[in-house]
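Listing of my_file32.cif; format and content: mmCIF, C-alpha atoms.
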data_structure
#
loop_
_atom_site.label_atom_id
_atom_site.label_comp_id
_atom_site.auth_asym_id
_atom_site.auth_seq_id
_atom_site.Cartn_x
_atom_site.Cartn_y
_atom_site.Cartn_z
CA MET A 1338 141.00 245.26 73.24
CA ALA A 1339 137.27 244.89 73.85
CA ALA A 1340 136.77 244.20 70.15
CA ARG A 1341 139.39 241.49 70.25
CA ARG A 1342 137.67 239.84 73.23
CA ARG A 1343 134.33 239.90 71.36
CA VAL A 1344 135.94 238.26 68.32
CA LEU A 1345 137.59 235.61 70.46
CA SER A 1346 134.31 234.85 72.20
CA LEU A 1347 132.33 234.60 68.95
CA ILE A 1348 134.90 232.38 67.28
CA ALA A 1349 135.30 230.20 70.34
CA ALA A 1350 131.57 229.75 70.73
CA GLY A 1351 131.32 228.47 67.17
CA ALA A 1352 134.29 226.18 67.59
CA GLY A 1353 133.21 224.77 70.93
CA LEU A 1354 136.17 226.31 72.76
CA ALA A 1355 136.31 228.09 76.09
CA VAL A 1356 137.53 231.65 76.50
CA VAL A 1357 138.01 232.90 80.04
CA THR A 1358 139.31 236.27 81.12
CA ALA A 1359 142.43 236.14 83.22
CA GLY A 1360 142.10 236.35 86.97
CA CYS A 1361 144.66 237.47 89.51
CA SER A 1362 147.89 235.51 89.37
CA GLY A 1363 149.42 234.17 92.53
CA ALA A 1364 153.03 234.03 93.58
CA GLY A 1365 154.62 230.66 93.97
CA GLY A 1366 157.94 229.29 94.98
CA GLY A 1367 157.33 226.28 97.15
CA GLY A 1368 156.38 222.75 96.31
CA SER A 1369 154.70 221.09 99.27
CA SER A 1370 151.00 220.34 99.43
CA ASP A 1371 148.92 220.58 102.59
CA ASP A 1372 149.70 216.97 103.53
CA GLY A 1373 153.45 217.57 103.24
CA GLU A 1374 153.89 215.61 100.01
CA ARG A 1375 155.84 217.42 97.32
CA SER A 1376 153.89 217.13 94.08
CA ILE A 1377 153.05 219.05 90.93
CA ASN A 1378 150.24 218.70 88.41
CA VAL A 1379 151.19 218.42 84.74
CA VAL A 1380 148.77 218.37 81.79
CA MET A 1381 150.06 217.25 78.41
CA VAL A 1382 149.08 215.82 75.03
CA ASN A 1383 148.99 212.06 74.54
CA ASN A 1384 151.83 211.81 72.01
CA PRO A 1385 154.22 208.83 72.23
CA GLN A 1386 157.08 210.96 73.57
CA MET A 1387 154.90 212.13 76.46
CA GLU A 1388 153.89 208.55 77.22
CA ASP A 1389 157.60 207.70 77.51
CA LEU A 1390 158.00 210.63 79.91
CA GLN A 1391 155.23 209.24 82.10
CA GLN A 1392 156.92 205.86 82.14
CA LEU A 1393 160.29 207.24 83.25
CA THR A 1394 159.24 209.87 85.78
CA ALA A 1395 158.70 207.93 89.02
CA ASP A 1396 161.88 205.86 88.92
CA ASN A 1397 164.07 208.79 87.92
CA PHE A 1398 162.80 212.33 88.52
CA THR A 1399 160.67 211.54 91.58
CA LYS A 1400 163.30 209.21 93.03
CA GLU A 1401 165.98 211.90 92.66
CA THR A 1402 163.95 214.93 93.79
CA GLY A 1403 161.14 213.58 95.94
CA ILE A 1404 158.63 215.44 93.75
CA LYS A 1405 155.65 213.39 92.64
CA VAL A 1406 154.22 214.28 89.24
CA ASN A 1407 150.47 213.94 88.76
CA TYR A 1408 149.90 213.68 85.01
CA THR A 1409 146.75 214.48 83.09
CA VAL A 1410 147.18 213.19 79.54
CA LEU A 1411 144.63 214.20 76.90
CA PRO A 1412 144.12 214.05 73.13
CA GLU A 1413 145.55 217.13 71.44
CA ASN A 1414 142.33 219.07 70.92
CA ASP A 1415 141.12 218.34 74.46
CA ALA A 1416 144.51 219.25 75.93
CA ARG A 1417 144.53 222.61 74.15
CA ASP A 1418 141.05 223.46 75.41
CA SER A 1419 141.83 222.44 78.99
CA ILE A 1420 145.13 224.33 79.08
CA GLN A 1421 143.64 227.48 77.52
CA THR A 1422 140.80 227.49 80.05
CA ASP A 1423 142.93 226.83 83.14
CA PHE A 1424 145.77 229.20 82.25
CA ALA A 1425 143.47 232.02 81.12
CA ALA A 1426 141.57 231.83 84.41
CA GLN A 1427 144.81 231.41 86.37
CA SER A 1428 143.01 228.83 88.46
CA GLY A 1429 146.23 226.97 89.20
CA GLN A 1430 144.78 223.52 88.59
CA TYR A 1431 147.91 222.68 86.59
CA ASP A 1432 151.40 223.83 87.50
CA VAL A 1433 152.90 222.83 84.14
CA ALA A 1434 151.42 222.30 80.70
CA THR A 1435 152.52 221.38 77.22
CA ILE A 1436 152.28 224.52 75.12
CA SER A 1437 153.95 225.44 71.86
CA ASN A 1438 155.55 228.23 69.92
CA TYR A 1439 152.02 229.18 68.90
CA GLU A 1440 150.78 229.88 72.44
CA VAL A 1441 153.93 231.34 74.02
CA PRO A 1442 153.71 234.88 72.52
CA PHE A 1443 150.22 235.67 73.80
CA PHE A 1444 150.29 233.45 76.91
CA SER A 1445 153.34 235.42 78.02
CA LYS A 1446 151.86 238.78 77.00
CA ASN A 1447 148.74 238.00 79.03
CA GLY A 1448 150.79 237.03 82.08
CA TRP A 1449 149.54 233.44 82.07
CA ILE A 1450 152.97 231.76 82.13
CA ALA A 1451 156.05 232.38 84.23
CA ASN A 1452 159.19 234.06 82.96
CA MET A 1453 161.96 231.43 83.14
CA ASP A 1454 165.02 233.68 82.79
CA SER A 1455 165.92 233.68 86.48
CA TYR A 1456 165.59 229.91 86.72
CA ILE A 1457 167.74 229.39 83.63
CA SER A 1458 170.50 231.70 84.82
CA ALA A 1459 170.59 229.95 88.20
CA ASP A 1460 170.66 226.44 86.69
CA SER A 1461 174.21 225.85 85.45
CA GLU A 1462 173.43 222.29 84.33
CA PHE A 1463 170.56 223.11 81.96
CA ASN A 1464 172.71 224.63 79.19
CA GLN A 1465 170.30 226.95 77.39
CA SER A 1466 172.87 227.64 74.68
CA ASP A 1467 172.51 224.01 73.53
CA ILE A 1468 168.88 224.61 72.44
CA LEU A 1469 168.58 224.94 68.64
CA GLU A 1470 168.13 228.61 67.80
CA PRO A 1471 164.96 228.27 65.64
CA ILE A 1472 163.31 226.38 68.50
CA ALA A 1473 164.51 228.72 71.26
CA ALA A 1474 163.42 231.81 69.32
CA GLY A 1475 159.84 230.56 69.13
CA LEU A 1476 159.59 230.19 72.92
CA LYS A 1477 160.43 233.78 73.77
CA GLY A 1478 157.98 236.53 74.62
CA SER A 1479 157.95 239.97 73.04
CA ASP A 1480 160.26 241.11 75.85
CA GLY A 1481 162.93 238.65 74.70
CA SER A 1482 162.61 236.47 77.80
CA ILE A 1483 162.15 232.71 77.72
CA TYR A 1484 158.73 231.46 78.80
CA ALA A 1485 158.87 227.76 77.92
CA GLU A 1486 161.44 225.03 77.38
CA PRO A 1487 161.12 222.52 74.55
CA PHE A 1488 160.38 218.86 75.13
CA TYR A 1489 160.88 218.17 71.47
CA GLY A 1490 161.03 220.18 68.28
CA GLU A 1491 159.88 219.30 64.82
CA SER A 1492 159.42 220.32 61.25
CA SER A 1493 157.58 218.24 58.66
CA PHE A 1494 158.63 215.84 55.93
CA LEU A 1495 157.30 213.09 53.70
CA MET A 1496 157.68 209.51 54.93
CA TYR A 1497 157.32 206.54 52.60
CA ARG A 1498 157.77 202.78 52.48
CA LYS A 1499 161.02 202.19 50.61
CA ASP A 1500 160.34 198.47 50.17
CA VAL A 1501 156.89 199.09 48.70
CA PHE A 1502 158.24 201.69 46.29
CA GLU A 1503 161.03 199.35 45.20
CA ALA A 1504 158.59 196.50 44.62
CA LYS A 1505 156.36 198.76 42.53
CA GLY A 1506 159.27 200.30 40.63
CA LEU A 1507 158.54 203.76 42.01
CA THR A 1508 161.14 206.46 42.67
CA MET A 1509 160.74 209.10 45.34
CA PRO A 1510 162.46 212.42 44.55
CA GLU A 1511 164.58 213.94 47.33
CA LYS A 1512 162.56 217.15 46.99
CA PRO A 1513 159.15 216.10 45.67
CA THR A 1514 156.41 218.36 44.39
CA TRP A 1515 152.81 217.85 45.47
CA ASP A 1516 151.91 216.85 41.91
CA GLU A 1517 154.54 214.12 42.05
CA VAL A 1518 153.25 212.97 45.44
CA ALA A 1519 149.69 212.72 44.12
CA ASP A 1520 150.90 210.63 41.19
CA LEU A 1521 152.92 208.35 43.48
CA ALA A 1522 149.95 207.96 45.83
CA ALA A 1523 147.81 206.76 42.94
CA GLN A 1524 150.45 204.23 41.89
CA ALA A 1525 151.10 202.99 45.43
CA ASP A 1526 147.40 202.62 46.24
CA GLY A 1527 146.73 198.89 46.62
CA ALA A 1528 150.44 197.97 46.45
CA GLU A 1529 149.75 195.57 49.31
CA PRO A 1530 146.37 194.19 50.43
CA GLY A 1531 144.43 196.96 52.15
CA MET A 1532 147.18 199.54 51.61
CA LYS A 1533 146.27 203.07 50.58
CA GLY A 1534 148.61 205.47 48.82
CA ILE A 1535 148.95 208.18 51.48
CA CYS A 1536 147.83 209.30 54.92
CA LEU A 1537 146.96 212.97 55.52
CA ARG A 1538 145.30 214.35 58.62
CA GLY A 1539 141.59 215.03 58.14
CA GLN A 1540 140.47 215.44 61.73
CA ALA A 1541 139.00 218.82 62.60
CA GLY A 1542 141.21 221.13 64.64
CA TRP A 1543 143.67 223.92 63.89
CA GLY A 1544 146.45 221.65 65.11
CA GLN A 1545 145.11 218.63 63.24
CA VAL A 1546 144.01 218.99 59.61
CA PHE A 1547 145.27 222.55 59.29
CA ALA A 1548 148.79 221.73 60.46
CA PRO A 1549 149.68 219.96 57.20
CA LEU A 1550 147.04 221.70 55.09
CA THR A 1551 148.27 225.22 55.86
CA THR A 1552 151.73 224.26 54.60
CA VAL A 1553 150.06 223.09 51.38
CA VAL A 1554 148.20 226.41 51.16
CA ASN A 1555 151.50 228.28 51.61
CA THR A 1556 153.32 226.42 48.86
CA PHE A 1557 150.32 226.71 46.48
CA GLY A 1558 150.63 230.48 46.80
CA GLY A 1559 147.87 231.00 49.36
CA THR A 1560 147.73 232.56 52.80
CA TRP A 1561 145.24 233.04 55.62
CA PHE A 1562 145.74 236.83 55.55
CA ASP A 1563 147.48 239.32 53.32
CA ALA A 1564 149.87 241.86 54.79
CA ASP A 1565 146.95 244.15 55.74
CA TRP A 1566 145.00 241.45 57.62
CA ASN A 1567 142.50 240.91 54.81
CA ALA A 1568 141.31 237.30 54.95
CA GLN A 1569 142.16 235.12 51.94
CA VAL A 1570 140.34 231.91 52.87
CA ASP A 1571 138.04 231.96 49.84
CA ALA A 1572 140.73 233.26 47.46
CA ALA A 1573 141.76 231.07 44.53
CA PRO A 1574 145.14 229.79 45.84
CA PHE A 1575 143.67 228.79 49.23
CA GLU A 1576 140.78 227.03 47.50
CA GLU A 1577 143.06 225.29 44.99
CA ALA A 1578 145.30 223.95 47.76
CA THR A 1579 142.37 222.78 49.88
CA GLN A 1580 140.64 221.13 46.91
CA PHE A 1581 143.90 219.34 46.03
CA TYR A 1582 144.32 218.10 49.61
CA VAL A 1583 140.71 216.95 49.92
CA ASP A 1584 140.74 215.22 46.53
CA LEU A 1585 144.02 213.45 47.31
CA VAL A 1586 142.95 212.08 50.66
CA ARG A 1587 139.51 211.09 49.37
CA ALA A 1588 140.95 209.27 46.35
CA HIS A 1589 144.05 207.63 47.82
CA GLY A 1590 144.02 208.34 51.55
CA GLU A 1591 143.33 206.31 54.65
CA PRO A 1592 139.83 205.03 55.52
CA ASP A 1593 137.73 207.38 57.65
CA ALA A 1594 140.16 210.19 56.87
CA ALA A 1595 137.86 212.84 58.37
CA ASN A 1596 138.57 211.36 61.80
CA ALA A 1597 142.28 210.72 61.32
CA GLY A 1598 144.84 212.85 63.14
CA PHE A 1599 148.52 212.42 63.92
CA THR A 1600 148.06 209.27 66.00
CA GLU A 1601 145.81 207.55 63.47
CA CYS A 1602 148.24 208.25 60.62
CA LEU A 1603 151.18 207.06 62.72
CA ASN A 1604 149.35 203.81 63.35
CA ALA A 1605 148.40 203.48 59.68
CA LEU A 1606 152.00 203.76 58.46
CA THR A 1607 153.32 201.55 61.26
CA GLN A 1608 150.77 198.81 60.58
CA GLY A 1609 151.13 198.78 56.79
CA GLY A 1610 147.88 200.59 56.04
CA VAL A 1611 149.47 203.33 53.91
CA ALA A 1612 152.51 203.73 51.69
CA MET A 1613 153.21 207.41 52.44
CA TRP A 1614 152.53 209.99 55.13
CA TYR A 1615 153.22 213.73 55.20
CA ASP A 1616 153.50 214.94 58.78
CA ALA A 1617 155.77 215.86 61.68
CA THR A 1618 159.42 214.86 61.73
CA SER A 1619 158.92 213.74 65.33
CA ALA A 1620 156.99 210.71 64.06
CA ALA A 1621 160.21 209.10 62.84
CA GLY A 1622 161.33 208.12 66.33
CA SER A 1623 158.27 205.92 66.75
CA LEU A 1624 158.56 204.46 63.25
CA GLU A 1625 162.19 203.47 63.81
CA ALA A 1626 161.84 202.38 67.43
CA GLU A 1627 162.85 198.89 68.47
CA GLY A 1628 159.96 196.54 67.80
CA SER A 1629 158.36 198.73 65.14
CA PRO A 1630 157.27 196.51 62.21
CA VAL A 1631 158.43 199.18 59.74
CA ALA A 1632 161.80 200.04 61.31
CA GLY A 1633 164.39 200.28 58.54
CA LYS A 1634 161.72 200.30 55.83
CA ILE A 1635 160.91 204.03 55.82
CA GLY A 1636 162.46 206.73 53.68
CA TYR A 1637 162.37 210.42 54.59
CA VAL A 1638 162.37 213.33 52.12
CA ALA A 1639 161.67 217.05 52.23
CA ALA A 1640 158.14 218.42 52.61
CA PRO A 1641 156.50 218.57 49.15
CA VAL A 1642 156.35 221.93 47.39
CA LYS A 1643 154.68 223.67 44.48
CA GLU A 1644 155.60 227.38 44.25
CA THR A 1645 158.03 227.70 47.18
CA GLU A 1646 161.53 226.35 47.73
CA SER A 1647 160.54 224.60 50.96
CA SER A 1648 157.34 224.07 52.94
CA GLY A 1649 158.20 222.28 56.18
CA TRP A 1650 156.63 223.68 59.33
CA LEU A 1651 158.34 224.65 62.59
CA TYR A 1652 156.88 223.55 65.90
CA SER A 1653 157.86 222.57 69.39
CA TRP A 1654 155.95 220.93 72.18
CA ALA A 1655 157.30 222.69 75.22
CA PHE A 1656 156.58 222.96 78.92
CA GLY A 1657 155.36 226.22 80.43
CA ILE A 1658 154.74 227.00 84.10
CA GLN A 1659 151.46 228.63 85.06
CA GLU A 1660 152.01 232.05 86.62
CA ALA A 1661 149.43 231.20 89.29
CA SER A 1662 151.29 228.06 90.36
CA GLN A 1663 152.25 227.96 94.03
CA LYS A 1664 154.99 225.46 93.21
CA LYS A 1665 157.12 227.20 90.63
CA ASP A 1666 160.46 226.00 92.02
CA ASP A 1667 159.43 222.36 91.82
CA ALA A 1668 157.75 222.99 88.48
CA TRP A 1669 161.07 224.32 87.12
CA LYS A 1670 162.89 221.24 88.41
CA PHE A 1671 160.51 219.12 86.36
CA VAL A 1672 160.68 221.31 83.24
CA SER A 1673 164.48 221.48 83.30
CA TRP A 1674 164.70 217.71 83.72
CA ALA A 1675 162.22 216.90 80.94
CA SER A 1676 163.97 219.32 78.56
CA SER A 1677 167.51 218.30 79.46
CA GLN A 1678 170.28 216.45 77.69
CA GLU A 1679 170.27 214.15 80.73
CA TYR A 1680 166.67 213.12 80.00
CA GLU A 1681 167.48 212.43 76.35
CA GLU A 1682 170.33 210.15 77.42
CA LEU A 1683 167.99 208.38 79.84
CA VAL A 1684 165.52 207.68 77.04
CA GLY A 1685 168.30 206.50 74.78
CA GLN A 1686 169.69 204.11 77.35
CA GLN A 1687 166.41 202.72 78.65
CA LEU A 1688 164.02 202.91 75.69
CA GLY A 1689 166.26 203.20 72.64
CA TRP A 1690 167.96 206.16 70.99
CA ALA A 1691 165.41 206.38 68.18
CA ARG A 1692 162.79 207.33 70.79
CA VAL A 1693 164.70 210.34 72.11
CA PRO A 1694 162.46 213.47 72.05
CA ALA A 1695 164.83 215.24 69.70
CA GLY A 1696 164.68 218.32 67.51
CA LYS A 1697 165.72 220.74 70.26
CA ARG A 1698 169.41 220.35 71.22
CA THR A 1699 172.59 220.70 69.19
CA SER A 1700 174.20 218.02 71.36
CA THR A 1701 171.62 215.48 70.21
CA TYR A 1702 172.77 215.70 66.62
CA ALA A 1703 176.42 215.40 67.67
CA ASN A 1704 175.71 212.27 69.74
CA THR A 1705 177.10 209.23 67.92
CA ASP A 1706 174.69 206.86 69.67
CA TYR A 1707 171.78 208.95 68.45
CA GLN A 1708 173.23 209.30 64.97
CA GLN A 1709 173.62 205.55 64.65
CA SER A 1710 170.13 204.74 65.89
CA ALA A 1711 168.43 207.60 64.04
CA GLN A 1712 170.55 207.31 60.92
CA ALA A 1713 167.52 207.07 58.66
CA PHE A 1714 166.02 210.40 59.68
CA TYR A 1715 168.16 212.57 61.98
CA GLN A 1716 169.81 214.60 59.20
CA ALA A 1717 166.53 215.11 57.38
CA THR A 1718 164.97 216.33 60.62
CA GLU A 1719 167.77 218.78 61.44
CA ASP A 1720 167.79 220.09 57.88
CA ALA A 1721 164.02 220.61 57.91
CA ILE A 1722 164.09 222.51 61.21
CA ASN A 1723 166.90 224.78 60.06
CA ALA A 1724 165.22 225.42 56.68
CA ALA A 1725 161.91 226.51 58.19
CA ASP A 1726 161.24 230.26 58.00
CA PRO A 1727 158.25 231.36 60.12
CA ASN A 1728 158.54 234.94 58.87
CA ASN A 1729 158.46 234.10 55.17
CA PRO A 1730 156.68 230.77 54.57
CA GLY A 1731 154.90 231.61 51.32
CA VAL A 1732 155.04 233.78 48.22
CA GLN A 1733 153.70 237.03 49.72
CA PRO A 1734 154.29 239.20 52.82
CA ARG A 1735 152.49 238.09 56.00
CA PRO A 1736 151.12 240.22 58.84
CA ALA A 1737 152.32 237.83 61.57
CA PRO A 1738 154.83 234.97 61.82
CA GLY A 1739 153.92 231.30 61.58
CA ILE A 1740 154.11 228.51 59.01
CA GLN A 1741 151.32 226.07 59.87
CA PHE A 1742 149.55 228.69 61.98
CA VAL A 1743 149.23 232.46 62.28
CA ALA A 1744 150.70 233.60 65.58
CA VAL A 1745 147.74 235.55 66.97
CA PRO A 1746 145.32 234.34 69.66
CA GLU A 1747 142.28 234.54 67.37
CA PHE A 1748 143.73 231.93 65.02
CA ALA A 1749 143.08 228.82 67.11
CA GLY A 1750 139.33 229.24 67.49
CA MET A 1751 138.84 230.60 63.98
CA ALA A 1752 140.90 227.93 62.24
CA THR A 1753 139.30 225.18 64.31
CA GLN A 1754 135.88 226.31 63.15
CA VAL A 1755 136.99 226.53 59.51
CA SER A 1756 138.58 223.09 59.86
CA GLN A 1757 135.22 221.57 60.72
CA GLY A 1758 134.02 222.48 57.24
CA VAL A 1759 137.15 221.09 55.61
CA SER A 1760 136.80 217.87 57.59
CA ALA A 1761 133.19 217.66 56.45
CA ALA A 1762 134.36 218.09 52.84
CA ILE A 1763 136.78 215.20 53.33
CA ALA A 1764 133.84 213.15 54.60
CA GLY A 1765 131.87 214.09 51.47
CA GLN A 1766 129.27 216.06 53.42
CA GLN A 1767 129.84 219.39 51.68
CA THR A 1768 132.05 220.98 49.04
CA VAL A 1769 135.36 222.72 49.61
CA GLN A 1770 133.83 225.90 48.22
CA GLU A 1771 131.02 225.76 50.79
CA ALA A 1772 133.47 225.15 53.62
CA LEU A 1773 135.73 228.05 52.67
CA ALA A 1774 132.86 230.43 51.94
CA ALA A 1775 131.63 229.84 55.48
CA GLY A 1776 135.16 230.28 56.82
CA GLN A 1777 135.92 233.59 55.08
CA PRO A 1778 133.86 235.86 57.40
CA LEU A 1779 135.27 234.11 60.47
CA ALA A 1780 138.78 234.74 59.22
CA GLN A 1781 137.92 238.33 58.35
CA ALA A 1782 136.61 238.93 61.87
CA ALA A 1783 139.93 237.69 63.24
CA GLY A 1784 141.78 239.87 60.77
CA ASP A 1785 139.72 242.93 61.67
CA ALA A 1786 140.51 242.41 65.36
CA ASN A 1787 144.21 242.60 64.54
CA LYS A 1788 143.76 245.65 62.31
CA GLU A 1789 142.59 247.45 65.42
#
Show the structure stored in the file as structure tokens.
Amino acid sequence: MAARRRVLSLIAAGAGLAVVTAGCSGAGGGGSSDDGERSINVVMVNNPQMEDLQQLTADNFTKETGIKVNYTVLPENDARDSIQTDFAAQSGQYDVATISNYEVPFFSKNGWIANMDSYISADSEFNQSDILEPIAAGLKGSDGSIYAEPFYGESSFLMYRKDVFEAKGLTMPEKPTWDEVADLAAQADGAEPGMKGICLRGQAGWGQVFAPLTTVVNTFGGTWFDADWNAQVDAAPFEEATQFYVDLVRAHGEPDAANAGFTECLNALTQGGVAMWYDATSAAGSLEAEGSPVAGKIGYVAAPVKETESSGWLYSWAFGIQEASQKKDDAWKFVSWASSQEYEELVGQQLGWARVPAGKRTSTYANTDYQQSAQAFYQATEDAINAADPNNPGVQPRPAPGIQFVAVPEFAGMATQVSQGVSAAIAGQQTVQEALAAGQPLAQAAGDANKE
């Protein structure tokens, strides 16, 4: 265990992350602050679905429960760092945080987040059985208990401008290969003034550039680690996939790609800056929302492949309750509301059904209002989620589950540091080979920690 802590500290120091040893956790059941006001503190990423949640909270959740929600909303990389630091220290600054199926296994093992089983069994209205099984499975600890509830779930697919493709005489396959995508990106480049062929994340961060890129590595036959935890970052398949990705985004991708993440690519496709985008299925709700300039113009097809049958990732942004929170009861009220079918219906009625934070409940996909509004993408999203296989995402056995990540705590810091080199390669500041050569010993240190 001491070796693992040393590896985490070394990797985190290089990546600019914070690693804090856990302190004593406090008990918590109440919800009132010293001044008598019932309030909780929630930290979350600044994705569009979370911004909708902010907008709807006061007039609905707070009005119904009397619980004020103090939000801290941060860019993804900053949110991850802040949450990791606060929950590891059990400082209790935040009662609730957005975490994912990546963090849940080791956050729960370390005692950083609260077991939700008793709350779920006592809440007859929440309907846990309605949660999609692939999403629910990723939010359980090693003891089989539930430690987080999903706000939305996602896989990944390829989005493209149908009108642009039609005008250019281009045909998008239902199940494209990456070679076909590269060819289509070249042909779509310049289809409209200022339009580039494709948007791919290039921003450093394990949850930024390596979210899509790791799926490319998988389908090219690569992997972060072999079954014995030997790092494969500088192996031929990993290098081939990374070189392909870097070359594609440099030749036909968005301007300033090295600084582009999910939000920048969403804006690029929405504003007509790119003809294609490979990313999260959750983006479709924003693209098809009322008032979107590209609503009705986007087509959705399966994640591109090379050597595998499928390559879509599996992810959920979920809410976890800090074990040190003194307001767990009120925190659960918020989590159960934000994750509920009731909240989805509220979004549908007030903001539009296409903006529902979907990908988590069976009832969503049976809802005719949602089906009608999300007709362009709801089936593709459900299919992608159900097709994702975290235990077998590539062509060889893996030592730990995960599609766009490896589900061990060392991965985040290590992959973030490796991503800085890849982002630099996208910016033309170094070669892919240099980036991966520097990343190999970092990955091997993480692998060695897990061998122990």
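Residue nearest Gly1758 in chain A, chosen from A:Leu1390, A:Ala1541, A:Ala1474, A:Ala1416 and counting all atoms listed in the file: A:Ala1541.
One distance worth recording is that between CA of Trp1669 in chain A and CA of Asp1467 in chain A, which is 17.8 Å.
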Expansion of the PyMOL selection byres ((chain A and resi 1761-1772) around 10) into residues, as a PyMOL selection string:
chain A and resi 1539-1541+1570-1571+1576-1577+1579-1587+1593-1596+1754-1760+1773-1777
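Residue nearest Asp1396 in chain A within the list A:Ser1700, A:Ser1437, A:Thr1753, A:Gln1687: A:Gln1687 [criterion: smallest interatomic distance, all atoms listed in the file].
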For the provided coordinates, the residues matched by the PyMOL selection byres ((chain A and resi 1507) around 12) should be stated as a PDB file with C-alpha atoms, in the coordinates of the input.
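Here's the written file part-v2.pdb:
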ATOM      1  CA  TYR A1497     157.320 206.540  52.600  1.00  0.00           C
ATOM      2  CA  ARG A1498     157.770 202.780  52.480  1.00  0.00           C
ATOM      3  CA  LYS A1499     161.020 202.190  50.610  1.00  0.00           C
ATOM      4  CA  ASP A1500     160.340 198.470  50.170  1.00  0.00           C
ATOM      5  CA  VAL A1501     156.890 199.090  48.700  1.00  0.00           C
ATOM      6  CA  PHE A1502     158.240 201.690  46.290  1.00  0.00           C
ATOM      7  CA  GLU A1503     161.030 199.350  45.200  1.00  0.00           C
ATOM      8  CA  ALA A1504     158.590 196.500  44.620  1.00  0.00           C
ATOM      9  CA  LYS A1505     156.360 198.760  42.530  1.00  0.00           C
ATOM     10  CA  GLY A1506     159.270 200.300  40.630  1.00  0.00           C
ATOM     11  CA  THR A1508     161.140 206.460  42.670  1.00  0.00           C
ATOM     12  CA  MET A1509     160.740 209.100  45.340  1.00  0.00           C
ATOM     13  CA  PRO A1510     162.460 212.420  44.550  1.00  0.00           C
ATOM     14  CA  GLU A1517     154.540 214.120  42.050  1.00  0.00           C
ATOM     15  CA  VAL A1518     153.250 212.970  45.440  1.00  0.00           C
ATOM     16  CA  ASP A1520     150.900 210.630  41.190  1.00  0.00           C
ATOM     17  CA  LEU A1521     152.920 208.350  43.480  1.00  0.00           C
ATOM     18  CA  ALA A1522     149.950 207.960  45.830  1.00  0.00           C
ATOM     19  CA  ALA A1523     147.810 206.760  42.940  1.00  0.00           C
ATOM     20  CA  GLN A1524     150.450 204.230  41.890  1.00  0.00           C
ATOM     21  CA  ALA A1525     151.100 202.990  45.430  1.00  0.00           C
ATOM     22  CA  ASP A1526     147.400 202.620  46.240  1.00  0.00           C
ATOM     23  CA  ALA A1528     150.440 197.970  46.450  1.00  0.00           C
ATOM     24  CA  ALA A1612     152.510 203.730  51.690  1.00  0.00           C
TER      25      ALA A1612
END
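What the PyMOL selection byres ((chain A and resi 1652-1660) around 6) picks from this file is Asp1432, Val1433, Ala1434, Thr1435, Ile1436, Ser1437, Trp1449, Ile1450, Ala1451, Ala1485, Glu1486, Pro1487, Phe1488, Tyr1489, Gly1490, Glu1491, Leu1651, Ala1661 and Ser1662 of chain A.
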Which residues of range 1468-1527 of chain A come within 9 Å of range 1716-1729 of chain A, and what is each one's closest atom pair and distance in Å (one decimal), counting all atoms listed in the file, sorted by chain and residue number, as JSON lines?
{"residue": "A:Leu1469", "atom": "CA", "partner": "A:Asn1723", "partner_atom": "CA", "distance": 8.7}
{"residue": "A:Glu1470", "atom": "CA", "partner": "A:Asn1723", "partner_atom": "CA", "distance": 8.7}
{"residue": "A:Pro1471", "atom": "CA", "partner": "A:Asn1723", "partner_atom": "CA", "distance": 6.9}
{"residue": "A:Ile1472", "atom": "CA", "partner": "A:Ile1722", "partner_atom": "CA", "distance": 8.3}
{"residue": "A:Gly1490", "atom": "CA", "partner": "A:Ile1722", "partner_atom": "CA", "distance": 8.0}
{"residue": "A:Glu1491", "atom": "CA", "partner": "A:Ile1722", "partner_atom": "CA", "distance": 6.4}
{"residue": "A:Ser1492", "atom": "CA", "partner": "A:Ile1722", "partner_atom": "CA", "distance": 5.2}
{"residue": "A:Ser1493", "atom": "CA", "partner": "A:Ala1721", "partner_atom": "CA", "distance": 6.9}
{"residue": "A:Phe1494", "atom": "CA", "partner": "A:Ala1721", "partner_atom": "CA", "distance": 7.5}
Please, which residues in range 1411-1468 of chain A fall within 12 Å of range 1545-1557 of chain A when counting all atoms listed in the file, and what is the closest atom pair and distance in Å to one decimal for each, ordered by chain then residue number, as a Markdown table?
| residue | atom | partner | partner_atom | distance |
| --- | --- | --- | --- | --- |
| A:Pro1412 | CA | A:Gln1545 | CA | 10.9 |
| A:Glu1413 | CA | A:Gln1545 | CA | 8.3 |
| A:Asn1414 | CA | A:Gln1545 | CA | 8.2 |
| A:Asp1415 | CA | A:Gln1545 | CA | 11.9 |
| A:Arg1417 | CA | A:Gln1545 | CA | 11.6 |
| A:Tyr1439 | CA | A:Ala1548 | CA | 11.7 |
Close residues, Met1532 in chain A itself excluded, 6 Å, only C-alpha atoms, min 3 positions apart in chain, as a list in words:
Gly1527, Glu1529, Gly1610 and Val1611 of chain A
Those residues you just picked out, can you put them in a file as a PDB file, in the frame of the given file with C-alpha atoms?
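The resulting again_24.pdb:
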ATOM      1  CA  GLY A1527     146.730 198.890  46.620  1.00  0.00           C
ATOM      2  CA  GLU A1529     149.750 195.570  49.310  1.00  0.00           C
ATOM      3  CA  GLY A1610     147.880 200.590  56.040  1.00  0.00           C
ATOM      4  CA  VAL A1611     149.470 203.330  53.910  1.00  0.00           C
TER       5      VAL A1611
END
If I take CA of Glu1681 in chain A and CA of Thr1699 in chain A, how far is one from the other in Å, to one decimal?
12.1 Å
Can you tell me, as a ChimeraX atom specification, what residues are no more than 7 Å from Ala1639 in chain A when counting only C-alpha atoms, ignoring any on the same chain fewer than 5 positions away?
/A:1494-1495,1511-1512
